[in-house]
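Containing compact mmCIF, C-alpha atoms: query07.txt.
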# COMPACT_ATOMS: atom_id res chain seq x y z
CA MET A 1493 32.82 -34.15 -43.09
CA THR A 1494 34.78 -32.23 -45.74
CA ASN A 1495 36.14 -28.78 -45.02
CA SER A 1496 33.42 -27.14 -47.10
CA GLU A 1497 30.76 -29.20 -45.31
CA PHE A 1498 32.31 -28.17 -41.99
CA TRP A 1499 31.99 -24.45 -42.70
CA SER A 1500 28.53 -24.87 -44.19
CA THR A 1501 27.37 -26.76 -41.09
CA ALA A 1502 28.96 -24.13 -38.83
CA ARG A 1503 27.05 -21.37 -40.64
CA ASP A 1504 23.80 -23.32 -40.36
CA HIS A 1505 24.01 -24.37 -36.72
CA LEU A 1506 26.35 -22.22 -34.62
CA ILE A 1507 25.30 -19.12 -32.73
CA ARG A 1508 27.83 -16.36 -33.38
CA TYR A 1509 29.01 -14.86 -30.10
CA GLY A 1510 31.38 -12.05 -31.05
CA GLY A 1511 33.99 -11.29 -33.69
CA THR A 1512 34.70 -13.72 -36.51
CA PHE A 1513 35.99 -17.27 -36.47
CA THR A 1514 39.61 -17.91 -37.45
CA PRO A 1515 39.48 -19.41 -40.98
CA ARG A 1516 41.17 -22.69 -40.05
CA ILE A 1517 39.72 -25.95 -38.73
CA ILE A 1518 41.81 -26.93 -35.71
CA GLU A 1519 42.21 -30.69 -35.33
CA ARG A 1520 44.68 -31.04 -32.45
CA ALA A 1521 47.12 -29.17 -30.25
CA SER A 1522 50.43 -29.96 -28.59
CA GLY A 1523 52.85 -27.79 -26.65
CA SER A 1524 53.07 -24.33 -28.18
CA HIS A 1525 51.30 -25.31 -31.41
CA VAL A 1526 47.85 -26.03 -32.75
CA TYR A 1527 47.43 -28.00 -35.97
CA ASP A 1528 44.84 -27.38 -38.67
CA SER A 1529 42.99 -29.89 -40.84
CA ASP A 1530 45.87 -29.94 -43.33
CA GLY A 1531 48.35 -30.75 -40.56
CA VAL A 1532 49.89 -27.27 -40.68
CA PRO A 1533 51.44 -26.28 -37.32
CA ILE A 1534 50.47 -22.84 -36.02
CA LEU A 1535 52.35 -21.21 -33.14
CA ASP A 1536 49.75 -20.38 -30.51
CA PHE A 1537 50.58 -16.92 -29.17
CA THR A 1538 47.25 -16.64 -27.37
CA SER A 1539 47.71 -19.81 -25.25
CA GLY A 1540 44.21 -20.84 -26.28
CA GLN A 1541 42.02 -18.11 -24.75
CA MET A 1542 44.99 -16.67 -22.79
CA SER A 1543 44.80 -19.76 -20.58
CA SER A 1544 47.13 -22.64 -21.52
CA ILE A 1545 50.19 -21.43 -19.62
CA LEU A 1546 51.72 -24.94 -19.63
CA GLY A 1547 51.11 -25.39 -23.35
CA HIS A 1548 48.61 -27.80 -24.86
CA GLY A 1549 48.40 -31.39 -23.67
CA HIS A 1550 50.83 -31.10 -20.75
CA PRO A 1551 51.28 -34.71 -19.58
CA GLU A 1552 50.76 -33.96 -15.89
CA ILE A 1553 47.50 -32.15 -16.59
CA VAL A 1554 46.40 -35.07 -18.74
CA ASP A 1555 47.23 -37.49 -15.90
CA ALA A 1556 45.42 -35.32 -13.34
CA VAL A 1557 42.27 -35.22 -15.47
CA HIS A 1558 42.41 -38.96 -16.16
CA THR A 1559 42.83 -39.81 -12.48
CA ALA A 1560 40.05 -37.47 -11.39
CA MET A 1561 37.64 -38.70 -14.06
CA THR A 1562 38.40 -42.28 -13.05
CA ASN A 1563 38.13 -41.83 -9.29
CA LEU A 1564 36.43 -38.59 -8.27
CA ASP A 1565 35.35 -35.87 -10.68
CA HIS A 1566 32.13 -34.27 -9.39
CA LEU A 1567 30.15 -34.14 -6.15
CA PHE A 1568 27.09 -32.57 -4.58
CA SER A 1569 28.18 -29.00 -3.95
CA GLY A 1570 27.83 -29.38 -0.18
CA MET A 1571 30.37 -32.21 -0.09
CA LEU A 1572 34.13 -31.71 0.25
CA SER A 1573 37.03 -33.76 -1.07
CA ARG A 1574 40.78 -33.81 -0.46
CA PRO A 1575 41.74 -32.24 -3.83
CA VAL A 1576 39.71 -29.11 -3.02
CA VAL A 1577 41.04 -28.62 0.52
CA GLU A 1578 44.62 -29.38 -0.53
CA PHE A 1579 44.33 -26.90 -3.39
CA ALA A 1580 43.00 -24.16 -1.09
CA ARG A 1581 46.00 -24.59 1.22
CA ALA A 1582 48.46 -24.63 -1.67
CA LEU A 1583 46.97 -21.54 -3.30
CA SER A 1584 46.88 -19.49 -0.12
CA ALA A 1585 50.55 -20.32 0.45
CA THR A 1586 51.42 -18.43 -2.75
CA LEU A 1587 49.68 -15.22 -1.57
CA PRO A 1588 50.43 -12.54 1.04
CA ALA A 1589 49.57 -13.39 4.63
CA GLY A 1590 45.89 -12.89 5.34
CA LEU A 1591 44.64 -13.93 1.93
CA ASP A 1592 43.86 -17.49 2.92
CA LYS A 1593 40.16 -18.14 2.32
CA VAL A 1594 39.49 -19.82 -1.04
CA MET A 1595 36.43 -20.76 -3.09
CA LEU A 1596 36.91 -23.01 -6.13
CA LEU A 1597 34.72 -22.30 -9.17
CA SER A 1598 34.71 -22.76 -12.96
CA THR A 1599 34.99 -19.54 -14.98
CA GLY A 1600 36.35 -16.03 -14.74
CA ALA A 1601 32.95 -14.37 -14.99
CA GLU A 1602 31.71 -16.66 -12.23
CA SER A 1603 34.62 -15.81 -9.94
CA ASN A 1604 34.11 -12.08 -10.52
CA GLU A 1605 30.39 -12.46 -9.89
CA ALA A 1606 31.14 -14.21 -6.60
CA ALA A 1607 33.67 -11.53 -5.60
CA LEU A 1608 31.30 -8.65 -6.37
CA LYS A 1609 28.51 -10.24 -4.34
CA MET A 1610 30.97 -10.79 -1.51
CA ALA A 1611 32.08 -7.15 -1.57
CA LYS A 1612 28.50 -5.89 -1.57
CA LEU A 1613 27.48 -8.12 1.33
CA TYR A 1614 30.62 -7.34 3.35
CA THR A 1615 30.30 -3.56 2.98
CA GLY A 1616 26.51 -3.40 2.95
CA ARG A 1617 26.80 -1.23 -0.16
CA TYR A 1618 26.20 -1.74 -3.87
CA GLU A 1619 28.25 0.66 -6.03
CA ILE A 1620 31.08 -0.79 -8.16
CA VAL A 1621 33.93 1.04 -9.90
CA SER A 1622 35.84 -0.39 -12.88
CA PHE A 1623 37.98 0.83 -15.77
CA ASP A 1624 36.33 2.29 -18.85
CA ARG A 1625 38.10 -0.35 -20.98
CA SER A 1626 37.38 -3.22 -18.62
CA TRP A 1627 36.29 -6.78 -19.36
CA HIS A 1628 35.28 -8.87 -16.35
CA GLY A 1629 32.79 -11.31 -17.85
CA MET A 1630 29.40 -11.74 -19.47
CA THR A 1631 27.23 -12.62 -16.47
CA SER A 1632 25.06 -9.93 -14.89
CA GLY A 1633 27.26 -8.28 -12.26
CA ALA A 1634 30.51 -8.89 -14.15
CA ALA A 1635 28.97 -7.53 -17.37
CA ALA A 1636 27.75 -4.43 -15.52
CA ALA A 1637 31.39 -3.77 -14.58
CA THR A 1638 32.53 -4.34 -18.19
CA TYR A 1639 32.80 -1.26 -20.37
CA SER A 1640 34.97 -2.21 -23.35
CA ALA A 1641 32.06 -3.85 -25.21
CA GLY A 1642 28.64 -5.46 -24.97
CA ARG A 1643 26.65 -2.87 -23.02
CA LYS A 1644 24.04 -1.86 -25.60
CA GLY A 1645 20.76 -3.56 -26.41
CA TYR A 1646 20.21 -5.65 -23.28
CA GLY A 1647 18.28 -3.28 -21.08
CA PRO A 1648 19.48 -1.58 -17.90
CA PRO A 1649 22.44 -3.14 -16.05
CA PRO A 1650 22.36 -3.35 -12.25
CA PRO A 1651 22.48 0.18 -10.81
CA GLY A 1652 25.51 1.75 -9.20
CA ASN A 1653 28.31 1.07 -11.70
CA PHE A 1654 30.86 3.81 -12.39
CA THR A 1655 33.84 4.10 -14.73
CA LEU A 1656 37.40 5.09 -13.94
CA ALA A 1657 39.64 6.17 -16.81
CA THR A 1658 42.02 3.39 -17.84
CA PRO A 1659 45.53 4.80 -17.26
CA ASN A 1660 46.76 4.45 -20.84
CA ALA A 1661 50.20 6.07 -20.81
CA TYR A 1662 50.35 6.05 -24.62
CA ARG A 1663 47.10 7.94 -25.19
CA SER A 1664 45.99 9.60 -21.96
CA PRO A 1665 45.36 13.37 -22.19
CA PHE A 1666 46.60 13.77 -18.60
CA ARG A 1667 50.19 15.04 -18.94
CA THR A 1668 52.77 16.70 -16.73
CA ALA A 1669 54.48 19.89 -17.82
CA GLY A 1670 57.26 17.71 -19.20
CA GLY A 1671 54.85 15.62 -21.25
CA ASP A 1672 54.89 12.47 -19.10
CA HIS A 1673 51.71 10.60 -18.20
CA ASP A 1674 50.19 12.23 -15.11
CA TRP A 1675 48.49 9.08 -13.83
CA GLN A 1676 48.14 10.41 -10.28
CA GLY A 1677 46.26 13.47 -11.53
CA GLU A 1678 44.14 11.22 -13.73
CA LEU A 1679 43.33 8.95 -10.77
CA ASP A 1680 42.50 11.91 -8.50
CA TYR A 1681 40.21 13.42 -11.13
CA GLY A 1682 38.53 10.08 -11.72
CA PHE A 1683 37.66 9.63 -8.07
CA ASP A 1684 36.50 13.22 -7.77
CA LEU A 1685 33.92 12.39 -10.46
CA ILE A 1686 32.99 9.11 -8.78
CA ASP A 1687 32.51 10.84 -5.43
CA GLN A 1688 30.28 13.41 -7.15
CA GLN A 1689 28.10 10.67 -8.72
CA SER A 1690 28.02 8.22 -5.82
CA ALA A 1691 24.94 7.83 -3.68
CA GLY A 1692 27.28 7.17 -0.76
CA SER A 1693 27.29 3.42 -1.27
CA LEU A 1694 30.70 2.55 -2.75
CA ALA A 1695 31.36 -1.16 -2.23
CA ALA A 1696 34.35 -2.10 -4.41
CA CYS A 1697 36.67 -1.32 -7.27
CA ILE A 1698 37.45 -4.23 -9.61
CA ILE A 1699 40.43 -3.98 -11.97
CA GLU A 1700 42.90 -6.05 -13.99
CA PRO A 1701 46.56 -5.21 -13.19
CA ILE A 1702 47.08 -5.35 -16.95
CA VAL A 1703 43.90 -4.39 -18.80
CA SER A 1704 43.85 -7.09 -21.44
CA SER A 1705 40.82 -6.91 -23.75
CA GLY A 1706 40.88 -3.14 -23.39
CA GLY A 1707 44.19 -2.91 -25.25
CA LEU A 1708 46.89 -4.58 -23.14
CA ILE A 1709 47.27 -1.55 -20.88
CA ASP A 1710 49.85 -2.07 -18.11
CA LEU A 1711 49.08 -0.01 -15.02
CA PRO A 1712 51.84 2.54 -14.24
CA VAL A 1713 54.25 1.63 -11.46
CA GLY A 1714 52.69 2.79 -8.20
CA TYR A 1715 49.16 3.07 -9.60
CA LEU A 1716 47.77 -0.01 -7.85
CA ALA A 1717 49.08 1.15 -4.46
CA ALA A 1718 47.52 4.58 -5.00
CA LEU A 1719 44.25 2.97 -6.05
CA LYS A 1720 44.26 0.82 -2.92
CA ASN A 1721 44.63 4.01 -0.85
CA LYS A 1722 41.64 5.55 -2.64
CA CYS A 1723 39.59 2.46 -1.80
CA ASP A 1724 40.73 2.41 1.83
CA GLU A 1725 39.81 6.08 2.25
CA ARG A 1726 36.26 5.23 1.17
CA GLU A 1727 36.10 1.91 3.06
CA MET A 1728 35.52 0.05 -0.18
CA LEU A 1729 37.24 -3.18 -1.23
CA LEU A 1730 39.79 -3.60 -4.01
CA ILE A 1731 39.27 -6.66 -6.21
CA ALA A 1732 42.15 -7.75 -8.46
CA ASP A 1733 40.99 -9.74 -11.48
CA GLU A 1734 44.12 -11.79 -12.25
CA ALA A 1735 42.43 -14.09 -14.76
CA GLN A 1736 45.15 -13.51 -17.36
CA THR A 1737 48.02 -12.21 -15.24
CA GLY A 1738 48.05 -14.77 -12.42
CA LEU A 1739 50.44 -17.69 -11.95
CA GLY A 1740 53.62 -16.28 -13.40
CA ARG A 1741 52.69 -14.86 -16.77
CA THR A 1742 54.03 -11.36 -16.01
CA GLY A 1743 57.29 -12.62 -14.50
CA ALA A 1744 55.82 -12.51 -10.98
CA MET A 1745 53.47 -15.05 -9.44
CA TYR A 1746 50.78 -12.34 -9.41
CA ALA A 1747 50.87 -9.02 -11.22
CA PHE A 1748 49.72 -7.04 -8.16
CA GLU A 1749 52.98 -7.95 -6.37
CA ARG A 1750 54.97 -5.35 -8.30
CA ASP A 1751 53.37 -2.45 -6.40
CA GLY A 1752 53.37 -4.20 -3.03
CA ALA A 1753 49.67 -3.48 -2.54
CA ALA A 1754 47.65 -6.59 -1.76
CA PRO A 1755 43.99 -6.43 -2.83
CA ASP A 1756 41.13 -7.41 -0.52
CA ILE A 1757 39.84 -10.04 -2.94
CA ILE A 1758 41.62 -11.80 -5.79
CA THR A 1759 39.91 -13.64 -8.62
CA LEU A 1760 41.71 -16.24 -10.70
CA SER A 1761 40.61 -18.28 -13.71
CA LYS A 1762 42.11 -18.90 -17.18
CA THR A 1763 45.73 -19.54 -16.14
CA LEU A 1764 44.66 -21.47 -13.02
CA GLY A 1765 43.19 -24.24 -15.15
CA ALA A 1766 45.92 -24.11 -17.82
CA GLY A 1767 43.21 -24.39 -20.47
CA LEU A 1768 40.51 -26.15 -18.45
CA PRO A 1769 37.53 -24.40 -16.79
CA VAL A 1770 38.86 -23.66 -13.31
CA ALA A 1771 38.51 -20.45 -11.29
CA ALA A 1772 38.90 -19.27 -7.71
CA VAL A 1773 38.11 -16.41 -5.35
CA VAL A 1774 40.54 -15.63 -2.52
CA THR A 1775 39.96 -13.24 0.37
CA SER A 1776 40.72 -12.70 4.05
CA ALA A 1777 39.26 -14.47 7.06
CA GLU A 1778 37.64 -11.19 8.12
CA VAL A 1779 35.78 -10.73 4.84
CA GLU A 1780 34.77 -14.40 4.72
CA GLU A 1781 33.51 -14.42 8.31
CA ARG A 1782 31.33 -11.34 7.96
CA CYS A 1783 29.90 -12.57 4.66
CA HIS A 1784 29.14 -15.96 6.18
CA GLU A 1785 27.41 -14.32 9.15
CA ARG A 1786 25.26 -12.33 6.73
CA GLY A 1787 24.24 -15.42 4.75
CA TYR A 1788 26.59 -15.31 1.75
CA LEU A 1789 25.16 -17.52 -1.00
CA PHE A 1790 27.04 -18.71 -4.07
CA PHE A 1791 25.93 -22.32 -4.31
CA THR A 1792 26.64 -23.43 -7.89
CA THR A 1793 26.65 -26.78 -9.70
CA HIS A 1794 30.43 -26.98 -9.89
CA VAL A 1795 31.60 -25.14 -6.77
CA SER A 1796 34.30 -27.19 -5.01
CA ASP A 1797 34.44 -29.81 -7.78
CA PRO A 1798 37.26 -32.31 -7.09
CA LEU A 1799 38.25 -32.42 -10.78
CA ALA A 1800 38.86 -28.66 -10.77
CA GLY A 1801 40.80 -28.97 -7.50
CA ALA A 1802 43.03 -31.71 -8.90
CA VAL A 1803 43.79 -29.72 -12.05
CA ALA A 1804 44.48 -26.46 -10.21
CA SER A 1805 46.78 -28.18 -7.72
CA THR A 1806 48.70 -29.73 -10.58
CA VAL A 1807 49.09 -26.38 -12.33
CA LEU A 1808 50.40 -24.76 -9.14
CA ARG A 1809 52.83 -27.60 -8.54
CA VAL A 1810 54.25 -27.50 -12.09
CA VAL A 1811 54.59 -23.70 -12.09
CA GLN A 1812 56.51 -23.76 -8.81
CA ARG A 1813 58.57 -26.91 -9.39
CA ASP A 1814 59.69 -25.91 -12.89
CA ASP A 1815 60.44 -22.31 -11.83
CA LEU A 1816 58.15 -21.00 -14.55
CA VAL A 1817 57.77 -17.58 -12.93
CA ARG A 1818 61.47 -16.90 -13.39
CA ARG A 1819 61.36 -18.47 -16.83
CA ALA A 1820 58.51 -16.13 -17.84
CA ALA A 1821 60.57 -13.15 -16.68
CA ARG A 1822 63.58 -14.31 -18.72
CA SER A 1823 61.53 -15.20 -21.81
CA GLY A 1824 59.59 -11.97 -21.38
CA LYS A 1825 62.79 -9.94 -21.65
CA ARG A 1826 63.67 -11.84 -24.82
CA LEU A 1827 60.20 -11.12 -26.20
CA ARG A 1828 60.41 -7.43 -25.31
CA ASP A 1829 63.83 -7.09 -26.91
CA HIS A 1830 62.36 -8.55 -30.11
CA LEU A 1831 59.36 -6.19 -30.01
CA LEU A 1832 61.50 -3.11 -29.40
CA ASP A 1833 63.74 -4.13 -32.29
CA LEU A 1834 60.68 -4.47 -34.53
CA GLN A 1835 59.48 -1.05 -33.37
CA SER A 1836 62.81 0.47 -34.35
CA ARG A 1837 62.41 -0.93 -37.88
CA HIS A 1838 58.66 -0.66 -38.47
CA ASP A 1839 57.18 2.83 -38.20
CA VAL A 1840 53.68 1.36 -37.86
CA ILE A 1841 54.45 0.09 -34.34
CA GLY A 1842 53.54 3.02 -32.15
CA ASP A 1843 53.83 1.40 -28.73
CA VAL A 1844 55.19 -1.70 -27.02
CA ARG A 1845 53.85 -2.51 -23.55
CA GLY A 1846 53.26 -5.24 -21.01
CA ARG A 1847 55.26 -7.50 -18.72
CA GLY A 1848 56.82 -10.93 -18.92
CA LEU A 1849 55.05 -13.19 -21.40
CA PHE A 1850 52.05 -10.88 -21.57
CA GLN A 1851 52.90 -8.06 -23.92
CA GLY A 1852 51.29 -6.06 -26.68
CA ILE A 1853 51.99 -3.83 -29.62
CA GLU A 1854 49.81 -1.03 -30.94
CA LEU A 1855 49.90 -0.31 -34.66
CA VAL A 1856 49.32 3.24 -35.88
CA SER A 1857 49.11 4.81 -39.31
CA ASP A 1858 51.07 7.82 -38.08
CA ARG A 1859 53.36 7.91 -35.03
CA LEU A 1860 52.93 11.65 -34.58
CA THR A 1861 49.13 11.68 -34.52
CA LYS A 1862 48.87 8.12 -33.16
CA ALA A 1863 46.00 7.48 -35.57
CA PRO A 1864 44.77 3.88 -35.13
CA ALA A 1865 45.51 1.31 -37.84
CA ASP A 1866 42.63 -1.16 -37.53
CA GLN A 1867 42.69 -2.31 -41.17
CA LEU A 1868 46.45 -2.85 -41.04
CA GLY A 1869 45.94 -4.93 -37.90
CA GLN A 1870 43.60 -7.26 -39.78
CA GLN A 1871 46.11 -7.57 -42.61
CA VAL A 1872 48.94 -8.40 -40.20
CA THR A 1873 46.74 -11.02 -38.54
CA THR A 1874 46.09 -12.68 -41.90
CA GLU A 1875 49.76 -12.56 -42.91
CA CYS A 1876 50.84 -14.08 -39.58
CA LEU A 1877 48.34 -16.93 -39.85
CA GLU A 1878 49.45 -17.76 -43.37
CA ARG A 1879 53.03 -18.04 -42.08
CA GLY A 1880 52.11 -20.19 -39.08
CA LEU A 1881 51.51 -17.76 -36.20
CA HIS A 1882 48.23 -17.05 -34.44
CA MET A 1883 48.23 -13.64 -32.80
CA ASN A 1884 45.20 -12.14 -31.11
CA ILE A 1885 44.08 -8.77 -32.31
CA VAL A 1886 41.77 -6.91 -29.94
CA GLN A 1887 38.45 -7.26 -31.76
CA LEU A 1888 36.80 -4.24 -30.18
CA PRO A 1889 35.92 -0.84 -31.67
CA GLY A 1890 38.96 1.38 -32.16
CA MET A 1891 41.41 -1.29 -31.03
CA GLY A 1892 41.84 -3.37 -34.19
CA GLY A 1893 45.51 -2.45 -34.40
CA ILE A 1894 46.40 -3.74 -30.93
CA PHE A 1895 47.86 -7.22 -30.55
CA ARG A 1896 48.06 -9.30 -27.38
CA LEU A 1897 51.01 -11.70 -27.18
CA ALA A 1898 50.59 -14.39 -24.54
CA PRO A 1899 52.51 -17.56 -25.42
CA PRO A 1900 52.75 -20.44 -22.92
CA LEU A 1901 55.23 -20.05 -20.08
CA THR A 1902 56.85 -23.21 -21.44
CA ILE A 1903 57.61 -21.78 -24.89
CA SER A 1904 61.13 -22.47 -26.15
CA ASP A 1905 63.52 -19.73 -27.21
CA ASP A 1906 63.53 -21.16 -30.74
CA ASP A 1907 59.73 -20.96 -31.03
CA LEU A 1908 59.69 -17.46 -29.58
CA ASP A 1909 62.38 -16.31 -32.02
CA ARG A 1910 60.57 -17.95 -34.94
CA ALA A 1911 57.30 -16.23 -34.01
CA MET A 1912 59.01 -12.85 -33.97
CA GLY A 1913 60.54 -13.59 -37.37
CA ILE A 1914 57.06 -14.33 -38.70
CA LEU A 1915 55.72 -11.12 -37.19
CA ASP A 1916 58.59 -9.18 -38.80
CA ASP A 1917 57.85 -10.64 -42.24
CA SER A 1918 54.10 -10.16 -41.80
CA LEU A 1919 54.45 -6.49 -40.89
CA SER A 1920 56.55 -5.89 -43.99
CA ALA A 1921 54.10 -7.74 -46.21
CA ALA A 1922 51.03 -5.99 -44.78
CA VAL A 1923 52.53 -2.52 -45.16
CA LYS A 1924 53.40 -3.24 -48.80
CA ALA A 1925 49.94 -4.67 -49.61

Just give me the structure as structure tokens.
Amino acid sequence: MTNSEFWSTARDHLIRYGGTFTPRIIERASGSHVYDSDGVPILDFTSGQMSSILGHGHPEIVDAVHTAMTNLDHLFSGMLSRPVVEFARALSATLPAGLDKVMLLSTGAESNEAALKMAKLYTGRYEIVSFDRSWHGMTSGAAAATYSAGRKGYGPPPPGNFTLATPNAYRSPFRTAGGDHDWQGELDYGFDLIDQQSAGSLAACIIEPIVSSGGLIDLPVGYLAALKNKCDEREMLLIADEAQTGLGRTGAMYAFERDGAAPDIITLSKTLGAGLPVAAVVTSAEVEERCHERGYLFFTTHVSDPLAGAVASTVLRVVQRDDLVRRAARSGKRLRDHLLDLQSRHDVIGDVRGRGLFQGIELVSDRLTKAPADQLGQQVTTECLERGLHMNIVQLPGMGGIFRLAPPLTISDDDLDRAMGILDDSLSAAVKA
């Protein structure tokens, strides 16, 4: 199939599911690069879909998949295998004491769906709180807790979903007398509104420690602990969606660790499979026991699949053995230094934010007014791709000038430096265009 036939066939037969397709045919991937049909290497600063934290084609992941496919890949969902039980023990060992009950699943939306059902059954309530720029998945309950996009045209979502203002330090109208972000006042006001709207049935609050699709918004230091207090006061559960922040990407094993406030339920996906469809829900023995007593049901085709267990165990082992958490912190500092240097030389960069190897920049047409620069964002994306760098622009209304940078934890200093050089050149070229 020629390239023109490829694109013609794609137009004729593929369902479009959001945004536009990158105008390259990707033939293979290796390490920190993907390669197009002309053999051109492209630095992958999205780690696939924010998932391939070990890079593409990591040999130990390849071996784990080959062994599982050869010996034990899939079972009846009521059967257990050693890879699943061993993974559950290994994962719980990376978390605070008490978070030691694990369910192995396939996708992030699925894990959030399972967590929300668990929270509702445990509390006997049904109301869910999430950020107004959230993205937790496209299945029913997860989509009802997603506000950044996709809510219109599908009929009524499940009742009882409320928004909490995303604490965006760069743009929030909540300010102290000195002009700093008053996130505590913003949080207090948000829960005052929720309490006013609630029918007295608050079950859980689900959040990302770094709100990714909503603009790479890093929660202020102390915010998560304050949010946990709000939940405890209302006897509702806190669910941390660490799909993109888990397993070292932020320079800590889990992003929630920074505030020292352990959630009641944690969901993992993306990074847990290092590019393969693996997800998990983790909670306490107390929550699991009460849910079991009340008949908790989440019996899916691929729950407790041995292939997923083998892959996840391998990812955990490599991350810990190769000290990738510390490496992400070190590489993240290098990345941030580059981004701050670019900000000092390019007036269109209004804000730099994030942690570790999960950072973002927001382009603006005017630093004083902070007017968004969506069109410029598209131009920078095109310029980067032409020079061999794939960067992910947030393809949601009003956020077209926000980039998410999430290279693999294994990225070399040379590749990181080269990517920032490409970004530098691309910003200059786009501004001149």

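Distances to Lys1924 (chain A) were evaluated for A:Ala1502, A:Leu1572, A:Ala1607, A:Val1840 using all atoms listed in the file, and the minimum falls at A:Val1840.
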
### Message
Around (46.4, -30.4, -2.8), as given in the file, which residues come within 12 Å? Count only C-alpha atoms and list them as a PyMOL selection string.
### Response
chain A and resi 1556+1573-1585+1798-1809

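Using all atoms listed in the file for every distance, the candidate list A:Arg1847, A:Arg1822, A:Arg1859, A:His1830 yields A:Arg1822 as the residue closest to Ser1904 (chain A).
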
### Task
Figure out the distance between CA of Leu1849 (chain A) and CA of Arg1818 (chain A), please, to one decimal in Å.
10.9 Å

### Query
Which polymer residues have any atom within 9 Å of an atom of Arg1819 (chain A), counting all atoms listed in the file, with same-chain residues fewer than 5 positions away left out, as an MDAnalysis selection string?
chainID A and resid 1740 1743 1814 1824 1901:1902

Applying 10 Å and all atoms listed in the file, which residues near Gly1629 (chain A) remain after dropping the ones on its own chain fewer than 6 positions away? List them as a tab-separated table (two decimals) with C-alpha atoms, keeping the file's coordinate frame.
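Resulting contents of result19.tsv:
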chain	number	residue	atom	x	y	z
A	1599	THR	CA	34.99	-19.54	-14.98
A	1600	GLY	CA	36.35	-16.03	-14.74
A	1601	ALA	CA	32.95	-14.37	-14.99
A	1602	GLU	CA	31.71	-16.66	-12.23
A	1603	SER	CA	34.62	-15.81	-9.94
A	1604	ASN	CA	34.11	-12.08	-10.52
A	1605	GLU	CA	30.39	-12.46	-9.89
A	1635	ALA	CA	28.97	-7.53	-17.37
A	1636	ALA	CA	27.75	-4.43	-15.52
A	1637	ALA	CA	31.39	-3.77	-14.58
A	1638	THR	CA	32.53	-4.34	-18.19

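The closest residue to Ser1543 (chain A), picked from A:Ala1735, A:Val1773, A:Ile1885, A:Ala1863 and counting only C-alpha atoms, is A:Ala1735.
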
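Here CA of Arg1508 (chain A) and CA of Gly1642 (chain A) stand 13.8 Å from one another.
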